[in-house]
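J.: model_39.pdb (PDB, C-alpha atoms) pasted underneath:
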```pdb
ATOM      1  CA  MET A 224     145.374  84.059-151.089
ATOM      2  CA  ALA A 225     143.076  86.779-152.440
ATOM      3  CA  LEU A 226     140.043  87.890-150.441
ATOM      4  CA  PRO A 227     136.668  87.835-152.235
ATOM      5  CA  PRO A 228     134.919  91.147-152.930
ATOM      6  CA  LYS A 229     132.924  92.541-149.990
ATOM      7  CA  ASP A 230     129.625  92.845-151.849
ATOM      8  CA  GLY A 231     129.438  89.141-152.735
ATOM      9  CA  GLU A 232     126.721  86.588-152.107
ATOM     10  CA  PRO A 233     127.225  82.818-151.666
ATOM     11  CA  ALA A 234     125.985  80.435-154.321
ATOM     12  CA  ARG A 235     122.578  78.968-153.545
ATOM     13  CA  LEU A 236     120.319  76.560-155.358
ATOM     14  CA  VAL A 237     117.157  78.331-156.515
ATOM     15  CA  SER A 238     115.377  75.581-158.439
ATOM     16  CA  SER A 239     115.822  72.047-159.697
ATOM     17  CA  SER A 240     113.836  69.581-161.765
ATOM     18  CA  CYS A 241     114.132  66.199-163.453
ATOM     19  CA  SER A 242     112.080  64.594-166.199
ATOM     20  CA  LEU A 243     112.175  61.214-167.847
ATOM     21  CA  GLU A 244     110.725  60.611-171.263
ATOM     22  CA  LYS A 245     113.069  59.140-173.869
ATOM     23  CA  ILE A 246     116.046  60.544-171.994
ATOM     24  CA  LEU A 247     116.648  61.561-168.386
ATOM     25  CA  GLN A 248     117.080  65.310-168.151
ATOM     26  CA  CYS A 249     117.825  67.202-164.917
ATOM     27  CA  ASN A 250     118.228  70.930-164.451
ATOM     28  CA  CYS A 251     119.614  73.081-161.595
ATOM     29  CA  SER A 252     119.615  76.872-161.284
ATOM     30  CA  PHE A 253     121.922  78.766-158.921
ATOM     31  CA  HIS A 254     122.167  82.413-157.868
ATOM     32  CA  GLY A 255     125.125  84.241-156.321
ATOM     33  CA  ALA A 256     127.586  87.085-156.680
ATOM     34  CA  PRO A 257     129.885  86.540-158.391
ATOM     35  CA  ALA A 258     127.953  84.161-160.651
ATOM     36  CA  PRO A 259     128.372  80.569-159.459
ATOM     37  CA  ASN A 260     130.248  77.932-161.390
ATOM     38  CA  ALA A 261     127.691  75.133-162.007
ATOM     39  CA  GLN A 262     128.693  71.521-162.608
ATOM     40  CA  TRP A 263     127.368  67.959-162.545
ATOM     41  CA  TRP A 264     128.778  64.850-160.870
ATOM     42  CA  VAL A 265     127.722  61.309-161.876
ATOM     43  CA  LYS A 266     128.876  58.485-159.563
ATOM     44  CA  ASP A 267     131.479  60.857-158.070
ATOM     45  CA  ASN A 268     132.847  61.632-161.558
ATOM     46  CA  LEU A 269     132.860  65.262-162.624
ATOM     47  CA  MET A 270     131.121  65.821-165.937
ATOM     48  CA  GLY A 271     132.674  68.803-167.714
ATOM     49  CA  ALA A 272     130.572  71.796-168.731
ATOM     50  CA  ASP A 273     129.498  71.707-172.360
ATOM     51  CA  SER A 274     130.972  68.218-172.653
ATOM     52  CA  MET A 275     129.358  65.440-174.568
ATOM     53  CA  ASP A 276     130.013  61.725-174.737
ATOM     54  CA  ASN A 277     127.983  58.824-176.064
ATOM     55  CA  SER A 278     125.275  58.909-173.386
ATOM     56  CA  THR A 279     125.775  62.114-171.341
ATOM     57  CA  GLN A 280     125.471  65.759-172.348
ATOM     58  CA  VAL A 281     126.013  68.690-169.948
ATOM     59  CA  THR A 282     125.178  72.296-170.837
ATOM     60  CA  SER A 283     125.675  75.308-168.607
ATOM     61  CA  THR A 284     124.776  78.960-169.065
ATOM     62  CA  ILE A 285     125.594  82.018-166.962
ATOM     63  CA  LEU A 286     123.553  85.208-167.134
ATOM     64  CA  GLY A 287     124.409  87.912-164.597
ATOM     65  CA  PRO A 288     124.250  86.392-161.096
ATOM     66  CA  TRP A 289     122.403  83.325-162.429
ATOM     67  CA  ALA A 290     123.933  79.989-163.440
ATOM     68  CA  ASN A 291     121.877  77.231-165.047
ATOM     69  CA  THR A 292     123.098  73.720-165.758
ATOM     70  CA  THR A 293     121.387  70.774-167.464
ATOM     71  CA  ILE A 294     122.430  67.153-167.759
ATOM     72  CA  SER A 295     120.873  64.826-170.333
ATOM     73  CA  LEU A 296     121.395  61.062-170.079
ATOM     74  CA  SER A 297     120.273  59.119-173.146
ATOM     75  CA  LYS A 298     121.340  55.832-171.577
ATOM     76  CA  LEU A 299     119.732  55.376-168.182
ATOM     77  CA  PRO A 300     122.278  54.643-165.473
ATOM     78  CA  GLU A 301     121.697  51.752-163.082
ATOM     79  CA  ILE A 302     119.290  52.072-160.168
ATOM     80  CA  GLY A 303     120.879  53.769-157.141
ATOM     81  CA  THR A 304     123.186  55.987-159.203
ATOM     82  CA  HIS A 305     123.871  59.333-157.524
ATOM     83  CA  LEU A 306     123.705  62.542-159.549
ATOM     84  CA  ARG A 307     124.805  65.797-157.953
ATOM     85  CA  CYS A 308     124.526  69.314-159.264
ATOM     86  CA  GLU A 309     126.785  71.812-157.567
ATOM     87  CA  GLY A 310     127.122  75.549-157.706
ATOM     88  CA  ASN A 311     130.037  77.372-156.070
ATOM     89  CA  ASN A 312     131.654  80.773-155.972
ATOM     90  CA  ASP A 313     134.142  82.541-153.693
ATOM     91  CA  TYR A 314     131.535  82.826-150.916
ATOM     92  CA  GLY A 315     130.243  79.272-150.723
ATOM     93  CA  LYS A 316     129.004  76.102-152.289
ATOM     94  CA  HIS A 317     125.507  74.635-152.580
ATOM     95  CA  ALA A 318     124.705  71.199-153.978
ATOM     96  CA  LEU A 319     121.752  68.900-154.614
ATOM     97  CA  SER A 320     122.039  65.088-154.667
ATOM     98  CA  ILE A 321     119.645  62.985-156.728
ATOM     99  CA  VAL A 322     119.379  59.212-156.335
ATOM    100  CA  LEU A 323     117.919  57.382-159.322
ATOM    101  CA  MET A 324     115.256  54.821-158.428
ATOM    102  CA  SER A 325     113.029  52.593-160.506
ATOM    103  CA  ARG A 326     109.382  53.459-160.878
ATOM    104  CA  GLN A 327     108.447  50.215-159.142
ATOM    105  CA  THR A 328     110.614  51.136-156.151
ATOM    106  CA  LEU A 329     109.049  54.590-156.097
ATOM    107  CA  LEU A 330     105.546  53.104-156.206
ATOM    108  CA  ILE A 331     106.299  50.700-153.359
ATOM    109  CA  GLN A 332     107.919  53.449-151.317
ATOM    110  CA  SER A 333     104.974  55.796-151.996
ATOM    111  CA  PHE A 334     102.520  53.045-151.010
ATOM    112  CA  ILE A 335     104.358  52.351-147.750
ATOM    113  CA  ASN A 336     104.597  56.065-146.956
ATOM    114  CA  GLY A 337     100.890  56.514-147.709
ATOM    115  CA  LEU A 338      99.953  53.466-145.635
ATOM    116  CA  PHE A 339     101.983  54.691-142.672
ATOM    117  CA  GLN A 340     100.581  58.203-143.010
ATOM    118  CA  GLY A 341      97.023  56.840-143.227
ATOM    119  CA  LEU A 342      97.612  54.699-140.144
ATOM    120  CA  VAL A 343      98.904  57.676-138.155
ATOM    121  CA  TYR A 344      95.996  59.888-139.265
ATOM    122  CA  GLY A 345      93.523  57.088-138.484
ATOM    123  CA  VAL A 346      94.867  56.724-134.943
ATOM    124  CA  ILE A 347      94.729  60.489-134.408
ATOM    125  CA  VAL A 348      91.139  60.764-135.689
ATOM    126  CA  THR A 349      90.000  57.740-133.662
ATOM    127  CA  THR A 350      91.585  59.130-130.503
ATOM    128  CA  LEU A 351      90.009  62.554-130.990
ATOM    129  CA  LEU A 352      86.621  61.002-131.702
ATOM    130  CA  PHE A 353      86.864  58.841-128.574
ATOM    131  CA  LEU A 354      87.846  61.846-126.444
ATOM    132  CA  CYS A 355      84.913  63.849-127.802
ATOM    133  CA  LEU A 356      82.449  61.015-127.171
ATOM    134  CA  LEU A 357      83.824  60.085-123.731
ATOM    135  CA  PRO A 358      81.495  62.433-121.765
ATOM    136  CA  LEU A 359      78.456  60.992-123.578
ATOM    137  CA  ILE A 360      79.602  57.423-122.922
ATOM    138  CA  MET A 361      80.118  58.181-119.205
ATOM    139  CA  LYS A 362      76.682  59.813-118.965
ATOM    140  CA  HIS A 363      75.090  56.753-120.585
ATOM    141  CA  ILE A 364      76.887  54.383-118.186
ATOM    142  CA  ARG A 365      75.841  56.436-115.125
ATOM    143  CA  ARG A 366      72.227  56.488-116.305
ATOM    144  CA  LYS A 367      72.203  52.690-116.743
ATOM    145  CA  LEU A 368      73.696  52.182-113.273
ATOM    146  CA  ALA A 369      71.152  54.562-111.719
ATOM    147  CA  ASN A 370      68.314  52.662-113.440
ATOM    148  CA  LYS A 371      69.652  49.324-112.151
ATOM    149  CA  ILE A 372      69.945  50.655-108.598
ATOM    150  CA  ALA A 373      66.407  52.083-108.769
ATOM    151  CA  ALA A 374      65.083  48.752-110.083
ATOM    152  CA  ILE A 375      66.781  46.826-107.274
ATOM    153  CA  GLU A 376      65.441  49.223-104.627
ATOM    154  CA  ALA A 377      61.948  49.016-106.079
ATOM    155  CA  ASP A 378      62.144  45.229-106.144
ATOM    156  CA  GLY A 379      62.837  45.182-102.405
ATOM    157  CA  SER A 380      65.105  42.221-102.567
ATOM    158  CA  PRO A 381      66.432  40.787 -99.290
ATOM    159  CA  LYS A 382      69.970  41.806-100.126
ATOM    160  CA  VAL A 383      68.936  45.447-100.203
ATOM    161  CA  ARG A 384      66.880  45.148 -96.983
ATOM    162  CA  ALA A 385      69.823  43.588 -95.169
ATOM    163  CA  CYS A 386      71.957  46.534 -96.144
ATOM    164  CA  GLN A 387      69.389  49.112 -95.116
ATOM    165  CA  GLN A 388      69.145  50.214 -91.517
ATOM    166  CA  PRO A 389      65.791  50.809 -89.836
ATOM    167  CA  ASP A 390      64.564  54.368 -89.860
ATOM    168  CA  MET A 391      65.722  56.082 -86.753
ATOM    169  CA  SER A 392      64.292  59.437 -85.913
ATOM    170  CA  LEU A 393      66.585  62.079 -84.537
ATOM    171  CA  LYS A 394      63.745  63.636 -82.492
ATOM    172  CA  PRO A 395      63.593  62.655 -78.851
ATOM    173  CA  GLU A 396      60.652  60.553 -78.001
ATOM    174  CA  GLU A 397      57.805  62.440 -76.384
ATOM    175  CA  PRO A 398      56.813  61.165 -72.993
ATOM    176  CA  GLU A 399      53.513  59.416 -72.964
ATOM    177  CA  LYS A 400      50.687  61.588 -71.702
ATOM    178  CA  SER A 401      49.073  60.457 -68.574
ATOM    179  CA  VAL A 402      45.403  60.050 -68.785
ATOM    180  CA  ILE A 403      43.726  60.600 -65.519
ATOM    181  CA  THR A 404      40.391  59.061 -65.230
ATOM    182  CA  PRO A 405      38.188  60.186 -62.432
ATOM    183  CA  SER A 406      37.885  57.609 -59.817
ATOM    184  CA  GLU A 407      34.660  56.802 -58.132
ATOM    185  CA  SER A 408      35.628  58.550 -54.962
ATOM    186  CA  GLN A 409      36.235  61.766 -56.795
ATOM    187  CA  ARG A 410      32.886  61.574 -58.407
ATOM    188  CA  LEU A 411      31.122  61.208 -55.124
ATOM    189  CA  HIS A 412      33.071  63.764 -53.287
ATOM    190  CA  PRO A 413      34.101  66.483 -55.639
ATOM    191  CA  PHE A 414      35.793  68.496 -52.945
ATOM    192  CA  LEU A 415      38.023  65.818 -51.645
TER     193      LEU A 415
END
```
Give the structure from the file, written as structure tokens.
T.:
Amino acid sequence: MALPPKDGEPARLVSSSCSLEKILQCNCSFHGAPAPNAQWWVKDNLMGADSMDNSTQVTSTILGPWANTTISLSKLPEIGTHLRCEGNNDYGKHALSIVLMSRQTLLIQSFINGLFQGLVYGVIVTTLLFLCLLPLIMKHIRRKLANKIAAIEADGSPKVRACQQPDMSLKPEEPEKSVITPSESQRLHPFL
């Protein structure tokens, strides 16, 4: 078994694209050193490079460390068909799988993805808005409760009076002052 050169680079997919007009055409570009061998697989069947049959045409080009391969399908395969472009060299392999879907399936899937994404974003925005407004809501509730308590205290309802205790002063009571009134005997006899 021969060892690959030391200054090599594994094959890697650089770009890919597909378009559908009259025919389905997909393209893959690979880069590596040595230049990757690029090929297409349809339903696990290898389509040969530069081969052509009634409905499938594969073309591949290699320029330096770049390999480009294109598959053209004039007859659309059935929904769910797997296409795979693959690039490989002595240092590694890189592949891309493509599943063919109908436009209706894509629209439904896009709608469901968008609906789910919108629902998640809506929940996040609503939660953040609620958290930002929570201090204002609490302040409003406290103010209403304070106003109700003030109104009940001002009303003087019996329920409030029953709960209130009489005012009790913490100062000790002052002893009553004695008032001495002069008696008649003291008035007559001031020296007694």
J.: Applying the PyMOL selection byres ((chain A and resi 298-312) around 8) to the file I just gave you, which residues come out? Please list them as a PyMOL selection string.
T.: chain A and resi 233-236+246-247+251+253+255-267+278-279+290+292+296-297+313-325
J.: Work out how far CA of Leu359 (chain A) is from CA of Asp378 (chain A), in Å to one decimal.
T.: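 So the two atoms, CA of Asp378 (chain A) and CA of Leu359 (chain A), lie 28.6 Å apart.
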J.: What does the distance between CA of Ile294 (chain A) and CA of Asn277 (chain A) come to in Å, to one decimal place?
T.: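 The value is 13.0 Å.
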J.: What is the CA of Leu354 (chain A) to CA of Ile335 (chain A) distance in Å?
T.: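 Between CA of Leu354 (chain A) and CA of Ile335 (chain A) the gap works out to 28.6 Å.
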J.: Is it possible to add all heavy atoms to region 331-342 of chain A and hand it back as a short mmCIF file (atom, residue, chain, number, x, y, z; two decimals), keeping the file's coordinate frame?
T.:
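For reference, out28.cif as written:
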```
data_model
loop_
_atom_site.label_atom_id
_atom_site.label_comp_id
_atom_site.auth_asym_id
_atom_site.auth_seq_id
_atom_site.Cartn_x
_atom_site.Cartn_y
_atom_site.Cartn_z
N ILE A 331 106.33 51.44 -154.63
CA ILE A 331 106.30 50.70 -153.36
C ILE A 331 106.58 51.65 -152.20
O ILE A 331 105.90 51.62 -151.18
CB ILE A 331 107.31 49.53 -153.39
CG1 ILE A 331 106.83 48.46 -154.36
CG2 ILE A 331 107.50 48.93 -151.99
CD1 ILE A 331 107.85 47.37 -154.65
N GLN A 332 107.58 52.50 -152.37
CA GLN A 332 107.92 53.45 -151.32
C GLN A 332 106.76 54.42 -151.08
O GLN A 332 106.43 54.73 -149.93
CB GLN A 332 109.19 54.22 -151.68
CG GLN A 332 109.70 55.09 -150.56
CD GLN A 332 111.01 55.76 -150.92
OE1 GLN A 332 111.44 55.73 -152.06
NE2 GLN A 332 111.64 56.36 -149.94
N SER A 333 106.12 54.89 -152.14
CA SER A 333 104.97 55.80 -152.00
C SER A 333 103.82 55.09 -151.30
O SER A 333 103.15 55.67 -150.45
CB SER A 333 104.51 56.30 -153.35
OG SER A 333 105.51 57.07 -153.95
N PHE A 334 103.58 53.81 -151.65
CA PHE A 334 102.52 53.04 -151.01
C PHE A 334 102.79 52.88 -149.52
O PHE A 334 101.91 53.09 -148.69
CB PHE A 334 102.38 51.67 -151.68
CG PHE A 334 101.39 50.78 -150.99
CD1 PHE A 334 100.02 50.99 -151.14
CD2 PHE A 334 101.81 49.75 -150.17
CE1 PHE A 334 99.10 50.19 -150.50
CE2 PHE A 334 100.91 48.93 -149.52
CZ PHE A 334 99.55 49.15 -149.69
N ILE A 335 104.02 52.54 -149.16
CA ILE A 335 104.36 52.35 -147.75
C ILE A 335 104.24 53.67 -146.99
O ILE A 335 103.69 53.71 -145.88
CB ILE A 335 105.77 51.74 -147.61
CG1 ILE A 335 105.75 50.30 -148.11
CG2 ILE A 335 106.27 51.80 -146.17
CD1 ILE A 335 107.11 49.64 -148.20
N ASN A 336 104.73 54.76 -147.60
CA ASN A 336 104.60 56.06 -146.96
C ASN A 336 103.13 56.43 -146.78
O ASN A 336 102.73 56.94 -145.73
CB ASN A 336 105.31 57.14 -147.76
CG ASN A 336 106.82 57.03 -147.68
OD1 ASN A 336 107.34 56.35 -146.81
ND2 ASN A 336 107.51 57.68 -148.59
N GLY A 337 102.32 56.22 -147.80
CA GLY A 337 100.89 56.51 -147.71
C GLY A 337 100.18 55.65 -146.67
O GLY A 337 99.33 56.13 -145.93
N LEU A 338 100.55 54.37 -146.62
CA LEU A 338 99.95 53.47 -145.64
C LEU A 338 100.30 53.91 -144.22
O LEU A 338 99.43 53.98 -143.35
CB LEU A 338 100.46 52.04 -145.87
CG LEU A 338 99.87 50.94 -145.00
CD1 LEU A 338 98.38 50.79 -145.28
CD2 LEU A 338 100.59 49.63 -145.25
N PHE A 339 101.56 54.23 -143.99
CA PHE A 339 101.98 54.69 -142.67
C PHE A 339 101.29 56.00 -142.30
O PHE A 339 100.80 56.16 -141.19
CB PHE A 339 103.50 54.86 -142.64
CG PHE A 339 104.02 55.34 -141.31
CD1 PHE A 339 104.04 54.49 -140.22
CD2 PHE A 339 104.47 56.64 -141.16
CE1 PHE A 339 104.52 54.92 -139.00
CE2 PHE A 339 104.94 57.09 -139.94
CZ PHE A 339 104.97 56.22 -138.86
N GLN A 340 101.23 56.92 -143.25
CA GLN A 340 100.58 58.20 -143.01
C GLN A 340 99.09 58.01 -142.71
O GLN A 340 98.54 58.62 -141.80
CB GLN A 340 100.76 59.10 -144.23
CG GLN A 340 100.66 60.56 -143.97
CD GLN A 340 101.06 61.35 -145.21
OE1 GLN A 340 100.88 60.90 -146.34
NE2 GLN A 340 101.58 62.54 -145.00
N GLY A 341 98.44 57.13 -143.47
CA GLY A 341 97.02 56.84 -143.23
C GLY A 341 96.81 56.22 -141.86
O GLY A 341 95.84 56.52 -141.17
N LEU A 342 97.71 55.34 -141.46
CA LEU A 342 97.61 54.70 -140.14
C LEU A 342 97.75 55.74 -139.03
O LEU A 342 96.95 55.74 -138.08
CB LEU A 342 98.70 53.63 -140.00
CG LEU A 342 98.70 52.82 -138.72
CD1 LEU A 342 97.43 51.99 -138.62
CD2 LEU A 342 99.91 51.92 -138.68
#
```
